[in-house]
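Have a look at entry_6.txt below; it lists compact mmCIF, C-alpha atoms.
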# COMPACT_ATOMS: atom_id res chain seq x y z
CA MET A 25 47.24 123.69 -14.53
CA LEU A 26 48.33 120.09 -14.01
CA SER A 27 45.69 117.40 -13.62
CA SER A 28 45.85 114.18 -11.62
CA LEU A 29 46.16 112.37 -14.97
CA ASP A 30 49.28 114.42 -15.75
CA ILE A 31 50.76 113.45 -12.39
CA GLU A 32 49.89 109.78 -12.87
CA PHE A 33 51.42 109.90 -16.35
CA PHE A 34 54.70 111.37 -15.08
CA VAL A 35 54.92 108.91 -12.19
CA THR A 36 54.78 106.15 -14.80
CA ILE A 37 57.54 107.88 -16.79
CA ALA A 38 59.68 108.18 -13.64
CA ALA A 39 59.33 104.45 -12.95
CA SER A 40 60.39 103.46 -16.48
CA ARG A 41 63.84 102.94 -17.96
CA SER A 42 62.94 104.61 -21.24
CA LEU A 43 60.10 106.46 -22.97
CA ALA A 44 59.50 103.35 -25.05
CA ALA A 45 59.09 101.28 -21.88
CA ALA A 46 56.65 103.87 -20.51
CA ALA A 47 54.69 103.74 -23.79
CA ARG A 48 54.32 99.97 -23.44
CA LYS A 49 52.97 100.37 -19.90
CA LEU A 50 50.54 103.05 -21.01
CA ASN A 51 49.59 101.15 -24.18
CA VAL A 52 50.29 104.16 -26.40
CA THR A 53 52.93 105.07 -28.99
CA PRO A 54 56.36 106.45 -27.98
CA PRO A 55 55.79 109.72 -29.95
CA SER A 56 52.58 110.38 -27.98
CA VAL A 57 54.46 109.84 -24.71
CA SER A 58 57.19 112.26 -25.80
CA GLN A 59 54.64 114.88 -26.86
CA ARG A 60 52.66 114.67 -23.63
CA LEU A 61 55.85 114.89 -21.56
CA GLN A 62 56.85 118.02 -23.47
CA ASN A 63 53.42 119.54 -22.77
CA ILE A 64 53.84 118.92 -19.02
CA GLU A 65 57.33 120.43 -19.08
CA ARG A 66 55.93 123.52 -20.85
CA LYS A 67 53.20 123.87 -18.22
CA LEU A 68 55.79 123.78 -15.45
CA GLY A 69 58.45 125.74 -17.28
CA VAL A 70 61.20 123.27 -16.34
CA LYS A 71 62.89 120.23 -17.84
CA LEU A 72 61.87 117.07 -16.03
CA VAL A 73 63.66 114.33 -17.98
CA GLU A 74 67.05 113.95 -19.65
CA ARG A 75 66.52 111.86 -22.80
CA GLY A 76 69.23 109.40 -23.79
CA ALA A 77 69.46 107.13 -26.80
CA ARG A 78 68.31 104.09 -24.84
CA SER A 79 67.37 105.38 -21.41
CA ILE A 80 66.11 108.38 -19.53
CA SER A 81 67.04 110.01 -16.23
CA LEU A 82 65.18 112.50 -14.11
CA THR A 83 66.43 116.02 -13.52
CA ASN A 84 66.39 117.39 -9.97
CA GLU A 85 63.01 118.96 -10.74
CA GLY A 86 61.82 115.63 -12.16
CA GLU A 87 62.85 113.79 -8.99
CA ILE A 88 60.90 116.28 -6.86
CA PHE A 89 57.85 116.08 -9.12
CA ALA A 90 57.88 112.27 -9.11
CA LYS A 91 58.23 112.03 -5.33
CA LYS A 92 55.59 114.65 -4.56
CA GLY A 93 53.35 113.26 -7.31
CA ARG A 94 53.37 109.76 -5.83
CA GLY A 95 52.38 111.23 -2.49
CA LEU A 96 49.53 113.24 -4.04
CA LEU A 97 48.20 110.20 -5.89
CA GLN A 98 48.28 108.20 -2.67
CA ASP A 99 46.42 110.99 -0.85
CA LEU A 100 43.78 111.04 -3.60
CA GLU A 101 43.32 107.28 -3.32
CA ASN A 102 42.95 107.48 0.45
CA LEU A 103 40.50 110.39 0.13
CA GLU A 104 38.37 108.44 -2.32
CA GLN A 105 38.27 105.44 -0.01
CA ASP A 106 37.50 107.61 3.04
CA ILE A 107 34.44 109.31 1.52
CA SER A 108 33.17 106.46 -0.64
CA ASP A 109 29.93 104.67 0.22
CA LYS A 110 32.12 101.57 0.06
CA LYS A 111 34.89 102.94 2.21
CA LEU A 112 35.27 99.61 4.01
CA SER A 113 36.05 97.87 0.72
CA ILE A 114 39.62 97.30 -0.41
CA SER A 115 40.43 97.87 -4.07
CA GLY A 116 43.23 98.71 -6.45
CA GLU A 117 46.52 97.25 -7.66
CA ILE A 118 49.15 95.83 -5.30
CA ARG A 119 52.64 95.12 -6.66
CA LEU A 120 54.82 92.65 -4.77
CA MET A 121 58.34 91.22 -5.06
CA SER A 122 59.51 88.12 -3.19
CA PRO A 123 62.38 85.63 -3.09
CA ILE A 124 61.53 82.52 -5.11
CA GLY A 125 61.29 79.96 -2.29
CA LEU A 126 59.23 82.12 0.08
CA GLY A 127 57.05 83.32 -2.79
CA VAL A 128 56.23 79.85 -4.09
CA LYS A 129 55.67 78.25 -0.71
CA HIS A 130 53.89 80.97 1.26
CA ILE A 131 53.43 84.40 -0.32
CA GLY A 132 51.78 83.08 -3.50
CA PRO A 133 49.04 81.08 -1.74
CA ILE A 134 48.33 83.94 0.68
CA VAL A 135 48.09 86.42 -2.21
CA ALA A 136 45.41 84.26 -3.85
CA GLU A 137 43.47 84.03 -0.56
CA PHE A 138 43.56 87.81 -0.11
CA GLN A 139 42.43 88.51 -3.66
CA ASN A 140 39.48 86.15 -3.22
CA LEU A 141 38.52 88.01 -0.04
CA TYR A 142 38.85 91.38 -1.80
CA PRO A 143 37.91 90.76 -5.46
CA GLN A 144 38.25 94.46 -6.34
CA THR A 145 42.03 94.16 -5.94
CA THR A 146 44.50 93.12 -8.60
CA ILE A 147 47.81 91.75 -7.36
CA GLU A 148 51.06 91.25 -9.25
CA LEU A 149 53.66 89.02 -7.57
CA ASN A 150 57.13 88.87 -9.09
CA LEU A 151 59.70 86.34 -7.86
CA SER A 152 63.46 86.75 -7.98
CA ASP A 153 66.50 85.05 -6.44
CA ILE A 154 67.99 88.55 -6.03
CA PRO A 155 65.04 90.83 -5.15
CA LYS A 156 66.07 94.49 -5.46
CA TRP A 157 63.81 97.47 -4.92
CA ALA A 158 65.63 99.78 -7.31
CA VAL A 159 65.29 97.62 -10.42
CA HIS A 160 61.52 97.08 -10.24
CA ASP A 161 58.85 99.65 -11.04
CA ASN A 162 56.41 101.03 -8.46
CA LEU A 163 56.63 98.26 -5.88
CA ASP A 164 54.30 98.41 -2.89
CA ILE A 165 56.03 95.69 -0.87
CA MET A 166 59.22 93.68 -1.26
CA PHE A 167 59.66 90.59 0.89
CA TYR A 168 63.10 89.62 2.06
CA VAL A 169 64.76 86.86 4.05
CA GLY A 170 68.12 87.43 5.70
CA HIS A 171 70.47 90.33 6.35
CA LEU A 172 69.19 93.61 4.93
CA GLN A 173 71.81 95.95 3.48
CA ASP A 174 69.55 98.78 2.20
CA SER A 175 68.75 100.87 5.28
CA THR A 176 66.64 103.40 3.35
CA LEU A 177 63.67 101.02 3.30
CA LYS A 178 61.16 100.66 6.12
CA ARG A 179 61.32 97.17 7.64
CA VAL A 180 58.29 95.31 9.02
CA ILE A 181 59.11 91.93 10.60
CA LEU A 182 56.58 89.30 9.50
CA ALA A 183 58.09 86.22 11.14
CA LYS A 184 61.16 85.33 13.19
CA ASN A 185 63.32 82.77 11.43
CA ARG A 186 66.49 80.80 12.12
CA ARG A 187 68.89 79.33 9.62
CA LEU A 188 69.86 75.73 10.30
CA LEU A 189 72.77 73.58 9.16
CA LEU A 190 71.33 70.39 7.69
CA ALA A 191 72.21 67.04 6.18
CA SER A 192 70.44 63.79 5.38
CA PRO A 193 70.93 60.73 7.62
CA GLU A 194 72.26 58.85 4.59
CA TYR A 195 74.99 61.42 4.02
CA LEU A 196 76.04 61.43 7.67
CA GLN A 197 76.37 57.62 7.80
CA SER A 198 79.51 57.64 5.69
CA ALA A 199 80.69 61.23 6.20
CA PRO A 200 83.72 62.33 8.26
CA SER A 201 83.14 63.45 11.84
CA LEU A 202 81.53 66.85 12.29
CA ILE A 203 82.08 68.31 15.76
CA HIS A 204 83.25 71.86 15.05
CA PRO A 205 82.52 74.23 12.13
CA ILE A 206 86.11 73.92 10.90
CA ASP A 207 85.37 70.24 10.21
CA LEU A 208 83.28 71.43 7.25
CA ASP A 209 86.55 71.57 5.29
CA ASN A 210 86.28 67.78 5.09
CA HIS A 211 82.65 67.74 3.96
CA ARG A 212 80.63 68.20 0.79
CA CYS A 213 78.98 71.60 1.17
CA ILE A 214 76.16 73.01 -0.96
CA ALA A 215 75.68 76.77 -1.39
CA LEU A 216 72.60 78.87 -2.08
CA ARG A 217 73.47 81.95 -4.13
CA GLU A 218 70.79 84.58 -3.50
CA ASN A 219 70.30 88.15 -2.27
CA ASP A 220 73.87 89.08 -3.29
CA GLU A 221 75.06 87.49 -0.03
CA ASP A 222 78.50 85.91 0.32
CA ALA A 223 77.24 82.36 -0.21
CA THR A 224 80.50 80.62 0.69
CA MET A 225 81.24 82.38 3.99
CA TRP A 226 79.39 80.52 6.77
CA ARG A 227 79.48 82.20 10.18
CA PHE A 228 78.70 80.37 13.40
CA SER A 229 78.31 81.44 17.03
CA GLU A 230 78.68 78.86 19.79
CA VAL A 231 75.50 78.71 21.90
CA ALA A 232 77.34 78.15 25.19
CA THR A 233 80.10 80.77 24.87
CA GLY A 234 79.03 83.11 22.09
CA GLY A 235 82.36 82.53 20.35
CA VAL A 236 82.27 83.22 16.62
CA THR A 237 83.79 80.99 13.93
CA SER A 238 83.79 81.77 10.21
CA VAL A 239 84.37 79.07 7.63
CA ARG A 240 84.98 79.65 3.92
CA ILE A 241 83.43 76.63 2.22
CA SER A 242 84.26 75.28 -1.23
CA PRO A 243 80.85 74.16 -2.48
CA VAL A 244 80.65 71.03 -4.61
CA LEU A 245 77.19 72.15 -5.73
CA SER A 246 75.45 75.53 -5.77
CA SER A 247 72.22 77.02 -7.08
CA ASN A 248 70.20 80.21 -6.89
CA VAL A 249 67.00 78.29 -6.02
CA GLY A 250 66.43 77.02 -2.48
CA GLN A 251 64.31 74.05 -3.52
CA VAL A 252 67.15 72.75 -5.67
CA ILE A 253 69.75 72.76 -2.90
CA LYS A 254 67.23 71.25 -0.47
CA ASN A 255 66.55 68.41 -2.91
CA TRP A 256 70.28 67.77 -3.26
CA CYS A 257 70.62 67.66 0.51
CA VAL A 258 67.71 65.23 0.92
CA GLU A 259 69.31 63.02 -1.73
CA GLY A 260 72.50 62.83 0.34
CA GLU A 261 74.68 65.11 -1.77
CA GLY A 262 76.00 67.22 1.10
CA ILE A 263 75.38 69.84 3.79
CA ILE A 264 73.30 73.01 3.41
CA GLN A 265 72.16 75.93 5.49
CA ARG A 266 68.48 76.71 5.06
CA SER A 267 65.73 78.76 6.68
CA GLU A 268 63.79 76.93 9.37
CA TRP A 269 60.45 77.79 7.71
CA ASP A 270 61.47 75.88 4.59
CA VAL A 271 62.58 72.59 6.17
CA GLN A 272 59.98 71.86 8.87
CA SER A 273 58.38 68.98 6.97
CA GLU A 274 61.77 67.40 6.14
CA LEU A 275 62.83 67.64 9.80
CA LYS A 276 59.55 66.07 10.98
CA SER A 277 59.84 63.22 8.50
CA GLY A 278 63.51 62.61 9.27
CA LYS A 279 64.63 63.27 5.70
CA LEU A 280 66.91 65.99 7.09
CA VAL A 281 68.56 66.39 10.48
CA GLN A 282 70.21 69.40 12.07
CA VAL A 283 73.97 69.18 12.41
CA LEU A 284 76.23 71.15 14.75
CA PRO A 285 73.23 72.00 17.00
CA SER A 286 75.53 73.60 19.59
CA TYR A 287 76.31 76.35 17.05
CA GLN A 288 73.97 78.97 15.61
CA LEU A 289 73.91 80.54 12.18
CA ALA A 290 72.84 84.16 11.71
CA THR A 291 69.10 84.71 11.97
CA ALA A 292 67.18 85.41 8.77
CA ASP A 293 63.89 87.07 9.67
CA VAL A 294 61.13 87.25 7.07
CA VAL A 295 60.46 90.95 6.54
CA ALA A 296 58.33 93.24 4.39
CA LEU A 297 60.11 96.27 2.98
CA LEU A 298 58.42 99.56 2.06
CA SER A 299 59.89 102.80 0.82
CA SER A 300 60.09 105.61 3.38
CA GLU A 301 57.94 107.89 1.20
CA ARG A 302 55.19 105.25 1.03
CA PHE A 303 55.30 104.26 4.65
CA ASN A 304 52.11 106.28 5.23
CA ARG A 305 50.61 103.53 3.17
CA SER A 306 47.25 103.01 1.53
CA LYS A 307 44.44 100.98 3.05
CA LYS A 308 44.90 98.21 0.49
CA VAL A 309 48.58 97.75 1.42
CA THR A 310 47.84 97.98 5.15
CA ALA A 311 45.05 95.42 4.81
CA PHE A 312 47.25 93.08 2.81
CA LEU A 313 50.15 93.32 5.29
CA ASP A 314 47.87 92.67 8.25
CA TYR A 315 46.32 89.66 6.53
CA LEU A 316 49.66 88.28 5.38
CA LYS A 317 51.28 88.58 8.80
CA LYS A 318 48.41 86.67 10.41
CA ARG A 319 48.25 83.94 7.75
CA LEU A 320 52.02 83.53 7.53
CA ALA A 321 52.21 82.96 11.29
CA GLU A 322 49.41 80.37 11.05
CA ARG A 323 51.12 78.57 8.16
CA LEU A 324 54.47 78.46 9.93
CA ILE A 325 52.89 77.17 13.16
CA SER A 326 51.06 74.44 11.23
CA LEU A 327 54.41 73.23 9.87
CA ALA A 328 56.12 73.20 13.25

Please go through the file and, once you have read it, give me the structure as structure tokens.
Amino acid sequence: MLSSLDIEFFVTIAASRSLAAAARKLNVTPPSVSQRLQNIERKLGVKLVERGARSISLTNEGEIFAKKGRGLLQDLENLEQDISDKKLSISGEIRLMSPIGLGVKHIGPIVAEFQNLYPQTTIELNLSDIPKWAVHDNLDIMFYVGHLQDSTLKRVILAKNRRLLLASPEYLQSAPSLIHPIDLDNHRCIALRENDEDATMWRFSEVATGGVTSVRISPVLSSNVGQVIKNWCVEGEGIIQRSEWDVQSELKSGKLVQVLPSYQLATADVVALLSSERFNRSKKVTAFLDYLKKRLAERLISLA
């Protein structure tokens, strides 16, 4: 008969690219991982994993076992919390992924606050300019800003957010006129390359008429880090588009000004993404999401 430890072991295998990677996570030797996996396969009478020279893949039976196993482990965790004398406490590991700018400016500080409130939690926050669910192991939440292409993930809106077209007053003093989006052909544009989005296609809708204009820019500067392109813009190097949450202080101080205000860029809501199979989520994840949504709103209001 399988034990919960067997299930937990296989879930770790399923979230790893190789048996060697799983061994590192489990802090054991690769031969011991291979032997234990074989024992589980013998118990079940099926092959769960196809072994390659450098990677592994799950069989159909392995996919079913991993999916059902994750659900069982989550149910066990919820059961323990429900019947524990400390059932109001929040504990356990929370794994997060966030874009770099949002993570540094907001998610990181809120994570530290939450962990101090609930010291029995351990939280791992990974930052990436191209956050992708599929390439990271056992995520609980992935944060995202902008258009979401993966419709298989559950989407929880944390904050409404606009993208703005921005420049410094110093740049605009000597720049060509900018009345319509097509005038950007005559300007120095700066691109942010993140989230696998088409960084050089800027789409505008006119506020008064709703008419849409698309402009293919030729960036003189580009980066995968939002802070870098914002610094360039403040220094007068050109025009950027940036999330409203990230430029409130620069707008208040006058270091940046909005250009083409009669046109709107596509919205870029701040969202939390969860897998459909984990949407019946644990108390620790629910508590963290509730806390983060409240604190993020407070932080964004304080910057407005």

Assuming 3 Å of padding per side, give the centre and edge lengths of the axis-aligned box around every listed atom of range 307-321 of chain A, in Å to one decimal and as lines of an AutoDock Vina configuration file.
center_x = 48.3
center_y = 92.0
center_z = 5.9
size_x = 13.8
size_y = 24.0
size_z = 16.8

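Using all atoms listed in the file, the nearest neighbour of Pro123 in chain A within the list A:Ser40, A:Ser152, A:Gln265, A:Thr176 is A:Ser152.
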
Atomic separation - CA of Leu72 in chain A relative to CA of Lys92 in chain A, Å: 13.3 Å

Give me, please, the distance in Å between CA of Thr53 in chain A and CA of Phe34 in chain A, quoted to one decimal. 15.4 Å

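The shortest atom-to-atom distance to Val135 in chain A, with all atoms listed in the file taken into account, belongs to A:Lys317 out of A:His204, A:Lys49, A:Lys317, A:Arg187.
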
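Take the candidates A:Gly125, A:Gly235, A:Pro55, A:Pro205 and check each one against Val271 in chain A using only C-alpha atoms; the shortest distance goes to A:Gly125.
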
Contact check, range 185-243 of chain A to range 285-289 of chain A, at most 10 Å, counting only C-alpha atoms, closest pairs as a Markdown table:
| residue | atom | partner | partner_atom | distance |
| --- | --- | --- | --- | --- |
| A:Arg186 | CA | A:Leu289 | CA | 7.4 |
| A:Arg187 | CA | A:Leu289 | CA | 5.8 |
| A:Leu188 | CA | A:Leu289 | CA | 6.6 |
| A:Leu189 | CA | A:Leu289 | CA | 7.7 |
| A:Leu190 | CA | A:Pro285 | CA | 9.6 |
| A:Ile203 | CA | A:Ser286 | CA | 9.2 |
| A:His204 | CA | A:Tyr287 | CA | 8.5 |
| A:Pro205 | CA | A:Tyr287 | CA | 8.2 |
| A:Trp226 | CA | A:Leu289 | CA | 7.7 |
| A:Arg227 | CA | A:Leu289 | CA | 6.1 |
| A:Phe228 | CA | A:Leu289 | CA | 4.9 |
| A:Ser229 | CA | A:Gln288 | CA | 5.2 |
| A:Glu230 | CA | A:Tyr287 | CA | 4.4 |
| A:Val231 | CA | A:Tyr287 | CA | 5.5 |
| A:Ala232 | CA | A:Ser286 | CA | 7.4 |
| A:Thr233 | CA | A:Tyr287 | CA | 9.7 |
| A:Gly234 | CA | A:Tyr287 | CA | 8.9 |
| A:Gly235 | CA | A:Tyr287 | CA | 9.3 |
| A:Val236 | CA | A:Tyr287 | CA | 9.1 |
| A:Thr237 | CA | A:Tyr287 | CA | 9.3 |

Atom pair CA of Asp153 in chain A + CA of Glu218 in chain A, distance 5.2 Å

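Look at everything within 12 Å of (46.4, 94.6, -6.6) using all atoms listed in the file, and the residues you get are Ile114, Ser115, Gly116, Glu117, Ile118, Arg119, Leu120, Val135, Ala136, Phe138, Gln139, Asn140, Tyr142, Pro143, Gln144, Thr145, Thr146, Ile147, Glu148, Leu149, Leu163, Asp164, Ile165, Ser306, Lys307, Lys308, Val309, Ala311 and Phe312 of chain A.
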
For range 25-27 of chain A, work out the shell of residues within 9 Å, counting all atoms listed in the file and skipping chain neighbours fewer than 6 positions away, then give it as a ChimeraX atom specification. /A:64,67-68

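Among the candidates A:Val258, A:Leu97, A:Ala292, A:Leu316, the one nearest to Leu196 in chain A when counting only C-alpha atoms is A:Val258.
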
Incomplete range 219-237 of chain A brought to N, CA and C atoms, written out as a PDB file, keeping the file's coordinate frame:
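The result, written out as result07.pdb:
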ATOM      1  N   ASN A 219      70.271  86.889  -3.018  1.00  0.00           N
ATOM      2  CA  ASN A 219      70.300  88.150  -2.270  1.00  0.00           C
ATOM      3  C   ASN A 219      71.666  88.837  -2.286  1.00  0.00           C
ATOM      4  N   ASP A 220      72.531  88.482  -3.228  1.00  0.00           N
ATOM      5  CA  ASP A 220      73.870  89.080  -3.290  1.00  0.00           C
ATOM      6  C   ASP A 220      74.682  88.819  -2.016  1.00  0.00           C
ATOM      7  N   GLU A 221      74.305  87.811  -1.230  1.00  0.00           N
ATOM      8  CA  GLU A 221      75.060  87.490  -0.030  1.00  0.00           C
ATOM      9  C   GLU A 221      76.311  86.702  -0.389  1.00  0.00           C
ATOM     10  N   ASP A 222      77.296  86.714   0.503  1.00  0.00           N
ATOM     11  CA  ASP A 222      78.500  85.910   0.320  1.00  0.00           C
ATOM     12  C   ASP A 222      78.139  84.463   0.628  1.00  0.00           C
ATOM     13  N   ALA A 223      77.823  83.694  -0.402  1.00  0.00           N
ATOM     14  CA  ALA A 223      77.240  82.360  -0.210  1.00  0.00           C
ATOM     15  C   ALA A 223      78.220  81.349   0.339  1.00  0.00           C
ATOM     16  N   THR A 224      79.520  81.620   0.254  1.00  0.00           N
ATOM     17  CA  THR A 224      80.500  80.620   0.690  1.00  0.00           C
ATOM     18  C   THR A 224      81.143  80.953   2.036  1.00  0.00           C
ATOM     19  N   MET A 225      80.760  82.060   2.645  1.00  0.00           N
ATOM     20  CA  MET A 225      81.240  82.380   3.990  1.00  0.00           C
ATOM     21  C   MET A 225      80.156  82.031   5.002  1.00  0.00           C
ATOM     22  N   TRP A 226      80.364  80.962   5.770  1.00  0.00           N
ATOM     23  CA  TRP A 226      79.390  80.520   6.770  1.00  0.00           C
ATOM     24  C   TRP A 226      79.906  80.912   8.147  1.00  0.00           C
ATOM     25  N   ARG A 227      79.085  81.684   8.862  1.00  0.00           N
ATOM     26  CA  ARG A 227      79.480  82.200  10.180  1.00  0.00           C
ATOM     27  C   ARG A 227      78.657  81.536  11.275  1.00  0.00           C
ATOM     28  N   PHE A 228      79.334  81.095  12.312  1.00  0.00           N
ATOM     29  CA  PHE A 228      78.700  80.370  13.400  1.00  0.00           C
ATOM     30  C   PHE A 228      79.010  81.057  14.729  1.00  0.00           C
ATOM     31  N   SER A 229      78.051  81.023  15.653  1.00  0.00           N
ATOM     32  CA  SER A 229      78.310  81.440  17.030  1.00  0.00           C
ATOM     33  C   SER A 229      77.983  80.264  17.947  1.00  0.00           C
ATOM     34  N   GLU A 230      78.878  79.977  18.867  1.00  0.00           N
ATOM     35  CA  GLU A 230      78.680  78.860  19.790  1.00  0.00           C
ATOM     36  C   GLU A 230      77.632  79.247  20.829  1.00  0.00           C
ATOM     37  N   VAL A 231      76.613  78.402  21.001  1.00  0.00           N
ATOM     38  CA  VAL A 231      75.500  78.710  21.900  1.00  0.00           C
ATOM     39  C   VAL A 231      75.991  78.936  23.316  1.00  0.00           C
ATOM     40  N   ALA A 232      76.914  78.100  23.791  1.00  0.00           N
ATOM     41  CA  ALA A 232      77.340  78.150  25.190  1.00  0.00           C
ATOM     42  C   ALA A 232      78.215  79.360  25.495  1.00  0.00           C
ATOM     43  N   THR A 233      79.113  79.726  24.578  1.00  0.00           N
ATOM     44  CA  THR A 233      80.100  80.770  24.870  1.00  0.00           C
ATOM     45  C   THR A 233      79.906  82.044  24.065  1.00  0.00           C
ATOM     46  N   GLY A 234      79.184  81.957  22.959  1.00  0.00           N
ATOM     47  CA  GLY A 234      79.030  83.110  22.090  1.00  0.00           C
ATOM     48  C   GLY A 234      80.211  83.315  21.156  1.00  0.00           C
ATOM     49  N   GLY A 235      81.191  82.425  21.214  1.00  0.00           N
ATOM     50  CA  GLY A 235      82.360  82.530  20.350  1.00  0.00           C
ATOM     51  C   GLY A 235      81.982  82.390  18.880  1.00  0.00           C
ATOM     52  N   VAL A 236      82.610  83.184  18.035  1.00  0.00           N
ATOM     53  CA  VAL A 236      82.270  83.220  16.620  1.00  0.00           C
ATOM     54  C   VAL A 236      83.345  82.507  15.802  1.00  0.00           C
ATOM     55  N   THR A 237      82.899  81.676  14.869  1.00  0.00           N
ATOM     56  CA  THR A 237      83.790  80.990  13.930  1.00  0.00           C
ATOM     57  C   THR A 237      83.273  81.204  12.519  1.00  0.00           C
TER      58      THR A 237
END
